[in-house]
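Reviewing the structure listed below.
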Amino acid sequence: MRVLLAGGGTAGHTSPLLATADALRRLSPDIEITCLGTPRGLENRVVPAAGYPLELIPPVPLPRRPNADLARVPGRLRGAVRETLAIVDRIRPDVVVGYGGYVSMPAYLAARRRRLPLVVHEQNAVPGLANKVGARLAQRVAVSFPDTPLAHAEYVGLPIRRMISQLDREALRAEARAHFGLDPDRPTLLVTGGSQGARRLNDSVSGAAAALAAAGVQVLHVAGPNGHAAPEAGQVPYVVVDFVDRMDLAYAAADLIVSRAGASSVTEAAAVGLPAVFVPLPIGNGEQEHNARPVVNAGGGLLVADAALTSEWVAATVPGLATDPDRLAEMGRAASRLIPADADEKLARIILDSVGTAS
């Protein structure tokens, strides 16, 4: 059996794609998996590193609002569909799976053209345009959050890799803190704006470095490949890195996380029982706030508007929370109860079952 998995750009698409690929291999060791991405996404690094072949097509950005670029979309889309069809005809997949984003729309249209079974997975609580279209063409539609407004949606959760879903943070903590050069015994704050970083988080948290250090809180700050964080030097560790390949170690090192609220960030933090301060990205269709709401409402995290996350807010709020182990433990338990740990295998079984269902 051959499967084409289409998704790329950021970790929000590539992480569930890779989790699904791993689950498919566990369930069907002889399966042939090919991933479809674009030349400018994170997939160019993480997919080959995970051992999966990667095919590339040109991205087709879909403007959120009518503008001059909108007129170029049909031509770009036709070109991307042609290239996708050439890949499909060469690798001959039995099923196409899409995770939304720039790369998925051409894959959805190519699957329809070749009458192949199509499975769509939506990561966010508010679906994007590509998956709204894909859901109308697909045999099966899986979603990460209950009540996601897509036709025929099946709630399976967000696929996350076993290194995260099976993580024992306490057992790995000493190794994780040593890996990042952190003190083994201090309360630890993890800061990450996702695979691209986030200037607001970088500036606001690094600007509160003195207050965090005064409370004895050390920081592991993932600034992003083009990000920058310049904390005031002190006696308490404040480690800044561009990117983390081993997020399991980052989660294990931490007692609390400050992050954006992409689907992967919310799901992974909750799955490992890591209390969170979620700062939704203030652009888009509001999906990040919707992603975080179930965890926040259950008591597993705090929700802070982007404009409200200042160094003053961090200094006034985060040190007290990071040094309150009882509250952190309660928040972690509340978060971990919400997240299905087997979404990867649920989606993999849907994919395997879908073969032969295209009309």
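Within each chain, counting starts at residue 1; across the structure tokens, chains are named A, B, ... in the order shown, with ligands numbered 1 upward in that order.
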Practice task
Show which residues sit within 7 Å of segment 109-117 of chain A, as a PyMOL selection string. Count only C-alpha atoms, and ignore same-chain residues fewer than 5 positions away.
Solution key: chain A and resi 81+84-85+94-96+139+354-359
Preceding selection exported with all heavy atoms as a compact mmCIF listing (two decimals), in the first residue's frame:
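Writing the result to out_13.txt gives the following:
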# COMPACT_ATOMS: atom_id res chain seq x y z
N VAL A 81 -1.22 22.05 -9.26
CA VAL A 81 -1.98 20.82 -9.48
C VAL A 81 -1.30 19.97 -10.54
O VAL A 81 -1.20 18.73 -10.40
CB VAL A 81 -3.44 21.13 -9.87
CG1 VAL A 81 -4.16 19.86 -10.31
CG2 VAL A 81 -4.18 21.77 -8.69
N THR A 84 1.59 18.29 -8.94
CA THR A 84 1.12 17.26 -8.02
C THR A 84 0.64 16.03 -8.78
O THR A 84 0.91 14.89 -8.37
CB THR A 84 -0.01 17.81 -7.14
OG1 THR A 84 0.43 19.00 -6.49
CG2 THR A 84 -0.41 16.79 -6.07
N LEU A 85 -0.07 16.25 -9.88
CA LEU A 85 -0.53 15.12 -10.69
C LEU A 85 0.65 14.31 -11.22
O LEU A 85 0.60 13.06 -11.27
CB LEU A 85 -1.38 15.62 -11.85
CG LEU A 85 -2.81 16.06 -11.49
CD1 LEU A 85 -3.44 16.80 -12.66
CD2 LEU A 85 -3.66 14.85 -11.09
N ASP A 94 -2.31 4.87 -3.10
CA ASP A 94 -3.65 4.29 -2.95
C ASP A 94 -4.59 5.25 -2.23
O ASP A 94 -5.81 5.08 -2.29
CB ASP A 94 -3.56 2.98 -2.17
CG ASP A 94 -2.73 1.94 -2.90
OD1 ASP A 94 -3.19 1.47 -3.95
OD2 ASP A 94 -1.62 1.63 -2.43
N VAL A 95 -4.03 6.24 -1.52
CA VAL A 95 -4.83 7.20 -0.78
C VAL A 95 -4.00 8.46 -0.60
O VAL A 95 -2.77 8.41 -0.48
CB VAL A 95 -5.28 6.62 0.59
CG1 VAL A 95 -4.09 6.20 1.44
CG2 VAL A 95 -6.15 7.61 1.37
N VAL A 96 -4.69 9.60 -0.59
CA VAL A 96 -4.05 10.90 -0.34
C VAL A 96 -4.60 11.45 0.98
O VAL A 96 -5.80 11.39 1.23
CB VAL A 96 -4.33 11.89 -1.48
CG1 VAL A 96 -3.77 13.28 -1.16
CG2 VAL A 96 -3.74 11.37 -2.79
N GLN A 139 -13.43 11.45 1.53
CA GLN A 139 -14.23 10.33 2.02
C GLN A 139 -14.32 10.35 3.55
O GLN A 139 -15.32 9.95 4.12
CB GLN A 139 -13.61 9.00 1.55
CG GLN A 139 -13.93 8.64 0.11
CD GLN A 139 -13.31 9.61 -0.88
OE1 GLN A 139 -12.12 9.91 -0.81
NE2 GLN A 139 -14.11 10.12 -1.79
N SER A 354 -9.79 3.70 4.43
CA SER A 354 -10.36 4.51 3.35
C SER A 354 -10.02 3.99 1.96
O SER A 354 -10.64 4.39 0.97
CB SER A 354 -9.87 5.95 3.46
OG SER A 354 -8.50 6.06 3.12
N VAL A 355 -9.04 3.15 1.85
CA VAL A 355 -8.58 2.68 0.54
C VAL A 355 -9.72 1.93 -0.16
O VAL A 355 -10.35 1.04 0.41
CB VAL A 355 -7.34 1.79 0.66
CG1 VAL A 355 -6.97 1.19 -0.68
CG2 VAL A 355 -6.20 2.59 1.22
N GLY A 356 -9.98 2.33 -1.39
CA GLY A 356 -11.05 1.70 -2.16
C GLY A 356 -12.39 2.36 -2.03
O GLY A 356 -13.37 1.90 -2.61
N THR A 357 -12.47 3.52 -1.28
CA THR A 357 -13.76 4.16 -1.07
C THR A 357 -14.03 5.31 -2.02
O THR A 357 -15.11 5.88 -1.99
CB THR A 357 -13.87 4.69 0.37
OG1 THR A 357 -12.84 5.68 0.58
CG2 THR A 357 -13.72 3.58 1.37
N ALA A 358 -13.05 5.73 -2.85
CA ALA A 358 -13.30 6.85 -3.76
C ALA A 358 -14.29 6.42 -4.84
O ALA A 358 -14.31 5.27 -5.27
CB ALA A 358 -11.99 7.30 -4.42
N SER A 359 -15.12 7.39 -5.25
CA SER A 359 -16.11 7.09 -6.29
C SER A 359 -15.65 7.60 -7.64
O SER A 359 -14.76 8.41 -7.74
CB SER A 359 -17.44 7.75 -5.92
OG SER A 359 -17.29 9.14 -5.79
Handout entry: Shell of 7 Å around segment 144-154 of chain A, only C-alpha atoms, local chain residues under 3 positions omitted, as a list in words
Key =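 Surrounding residues, per the criterion: Glu122, Gln123, Asn124, Ala125, Val126, Lys132, Ala135, Val141, Gly157 and Leu158 of chain A.
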Practice task
Could you give me the residues within segment 199-354 of chain A that DSSP places in helix (DSSP H, G or I), as a PyMOL selection string?
Solution key: chain A and resi 199-206+209-214+247-253+263-271+287-297+306-308+311-322+325-336+343-354
Exercise for the section: Tell me, in Å to one decimal, how far atom CA of Asp324 of chain A is from atom CA of Ala209 of chain A. Expected result: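 Pair atom CA of Asp324 of chain A / atom CA of Ala209 of chain A returns 18.3 Å.
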Practice task
Write down as a list in words the residues of segment 37-213 of chain A whose backbone DSSP state falls under strand (DSSP E).
Solution key: Gly37, Leu54, Glu55, Leu56, Val95, Val96, Val97, Gly98, Leu118, Val119, Val120, His121, Glu122, Arg140, Val141, Ala142, Val143, Ala153, Glu154, Tyr155, Thr188, Leu189, Leu190, Val191 and Thr192 of chain A
Let me see the file: selected residues, C-alpha atoms, as a PDB file, in the first residue's frame.
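New file selection-v7.pdb:
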ATOM      1  CA  GLY A  37       5.571  19.790   0.766  1.00  0.00           C
ATOM      2  CA  LEU A  54       9.709  14.257   0.384  1.00  0.00           C
ATOM      3  CA  GLU A  55       8.341  15.579  -2.910  1.00  0.00           C
ATOM      4  CA  LEU A  56       8.044  19.346  -3.484  1.00  0.00           C
ATOM      5  CA  VAL A  95      -4.835   7.197  -0.775  1.00  0.00           C
ATOM      6  CA  VAL A  96      -4.051  10.896  -0.341  1.00  0.00           C
ATOM      7  CA  VAL A  97      -4.066  12.543   3.092  1.00  0.00           C
ATOM      8  CA  GLY A  98      -4.026  16.309   3.620  1.00  0.00           C
ATOM      9  CA  LEU A 118      -8.956  11.386   0.201  1.00  0.00           C
ATOM     10  CA  VAL A 119      -8.655  11.844   3.962  1.00  0.00           C
ATOM     11  CA  VAL A 120      -8.497  15.322   5.506  1.00  0.00           C
ATOM     12  CA  HIS A 121      -7.234  16.157   8.981  1.00  0.00           C
ATOM     13  CA  GLU A 122      -7.860  19.602  10.484  1.00  0.00           C
ATOM     14  CA  ARG A 140     -13.220  10.857   5.675  1.00  0.00           C
ATOM     15  CA  VAL A 141     -12.662  14.061   7.657  1.00  0.00           C
ATOM     16  CA  ALA A 142     -10.884  13.956  11.029  1.00  0.00           C
ATOM     17  CA  VAL A 143     -10.569  16.862  13.476  1.00  0.00           C
ATOM     18  CA  ALA A 153     -16.108  15.573  10.860  1.00  0.00           C
ATOM     19  CA  GLU A 154     -14.929  12.746  13.107  1.00  0.00           C
ATOM     20  CA  TYR A 155     -13.284  13.789  16.379  1.00  0.00           C
ATOM     21  CA  THR A 188      12.057  26.042  34.996  1.00  0.00           C
ATOM     22  CA  LEU A 189      10.129  28.115  32.472  1.00  0.00           C
ATOM     23  CA  LEU A 190      10.009  27.065  28.814  1.00  0.00           C
ATOM     24  CA  VAL A 191       9.298  29.810  26.260  1.00  0.00           C
ATOM     25  CA  THR A 192       8.502  29.027  22.634  1.00  0.00           C
TER      26      THR A 192
END
Handout entry: Spatial neighbours of Ala335 of chain A, max dist 8 Å, only C-alpha atoms, sep filter under 4 positions, as a ChimeraX atom specification
Key = /A:270-271,273-275,295,298-301,331,339
Can I get the selection written as a short mmCIF file (atom, residue, chain, number, x, y, z; two decimals), in the first residue's frame, with all heavy atoms?
data_model
loop_
_atom_site.label_atom_id
_atom_site.label_comp_id
_atom_site.auth_asym_id
_atom_site.auth_seq_id
_atom_site.Cartn_x
_atom_site.Cartn_y
_atom_site.Cartn_z
N ALA A 270 -0.62 19.99 26.83
CA ALA A 270 -1.65 19.34 27.63
C ALA A 270 -1.39 17.85 27.77
O ALA A 270 -1.57 17.27 28.85
CB ALA A 270 -3.02 19.59 27.01
N ALA A 271 -0.98 17.21 26.68
CA ALA A 271 -0.77 15.76 26.70
C ALA A 271 0.29 15.35 27.72
O ALA A 271 0.18 14.29 28.34
CB ALA A 271 -0.38 15.26 25.32
N GLY A 273 0.99 17.08 30.39
CA GLY A 273 0.65 17.64 31.69
C GLY A 273 1.48 18.85 32.07
O GLY A 273 1.76 19.07 33.25
N LEU A 274 1.85 19.66 31.07
CA LEU A 274 2.67 20.84 31.33
C LEU A 274 1.78 22.07 31.41
O LEU A 274 1.17 22.46 30.41
CB LEU A 274 3.70 21.01 30.21
CG LEU A 274 4.68 22.18 30.33
CD1 LEU A 274 5.52 22.05 31.61
CD2 LEU A 274 5.60 22.23 29.12
N PRO A 275 1.67 22.72 32.57
CA PRO A 275 0.85 23.93 32.68
C PRO A 275 1.35 25.00 31.72
O PRO A 275 2.55 25.10 31.45
CB PRO A 275 1.05 24.35 34.14
CG PRO A 275 1.51 23.12 34.84
CD PRO A 275 2.31 22.35 33.84
N VAL A 295 -8.50 23.82 27.19
CA VAL A 295 -7.50 23.61 28.25
C VAL A 295 -7.62 24.68 29.32
O VAL A 295 -7.58 24.39 30.53
CB VAL A 295 -6.08 23.59 27.65
CG1 VAL A 295 -5.03 23.47 28.76
CG2 VAL A 295 -5.93 22.44 26.67
N ALA A 298 -10.67 24.21 31.48
CA ALA A 298 -10.53 23.07 32.40
C ALA A 298 -9.58 23.37 33.56
O ALA A 298 -9.47 22.57 34.49
CB ALA A 298 -10.03 21.85 31.64
N GLY A 299 -8.89 24.52 33.50
CA GLY A 299 -7.96 24.88 34.56
C GLY A 299 -6.52 24.50 34.28
O GLY A 299 -5.67 24.60 35.17
N GLY A 300 -6.23 24.10 33.04
CA GLY A 300 -4.87 23.66 32.71
C GLY A 300 -3.95 24.74 32.20
O GLY A 300 -2.77 24.49 31.94
N GLY A 301 -4.46 25.97 32.05
CA GLY A 301 -3.61 27.04 31.52
C GLY A 301 -4.24 28.40 31.72
O GLY A 301 -5.40 28.52 32.13
N MET A 331 -2.84 22.14 37.72
CA MET A 331 -3.04 22.55 36.33
C MET A 331 -2.64 21.44 35.37
O MET A 331 -3.33 21.18 34.37
CB MET A 331 -2.24 23.82 36.05
CG MET A 331 -2.75 25.06 36.76
SD MET A 331 -1.66 26.49 36.52
CE MET A 331 -1.94 26.84 34.77
N ILE A 339 -6.78 15.32 26.62
CA ILE A 339 -6.17 15.04 25.32
C ILE A 339 -6.11 13.55 25.02
O ILE A 339 -5.51 12.78 25.78
CB ILE A 339 -4.75 15.64 25.28
CG1 ILE A 339 -4.80 17.15 25.54
CG2 ILE A 339 -4.06 15.33 23.97
CD1 ILE A 339 -5.62 17.92 24.53
#
Handout entry: Spatial neighbours of Thr310 of chain A, max dist 10 Å, only C-alpha atoms, sep filter under 2 positions, as a ChimeraX atom specification
Key = /A:200-201,203-205,207-208,306-308,312-316
Handout entry: Minimum-distance residue to Arg2 of chain A, chosen among A:Ala233, A:Ala252, A:Leu24, A:Ala215 (using only C-alpha atoms)
Key =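 Selected residue with least distance to Arg2 of chain A: A:Leu24.
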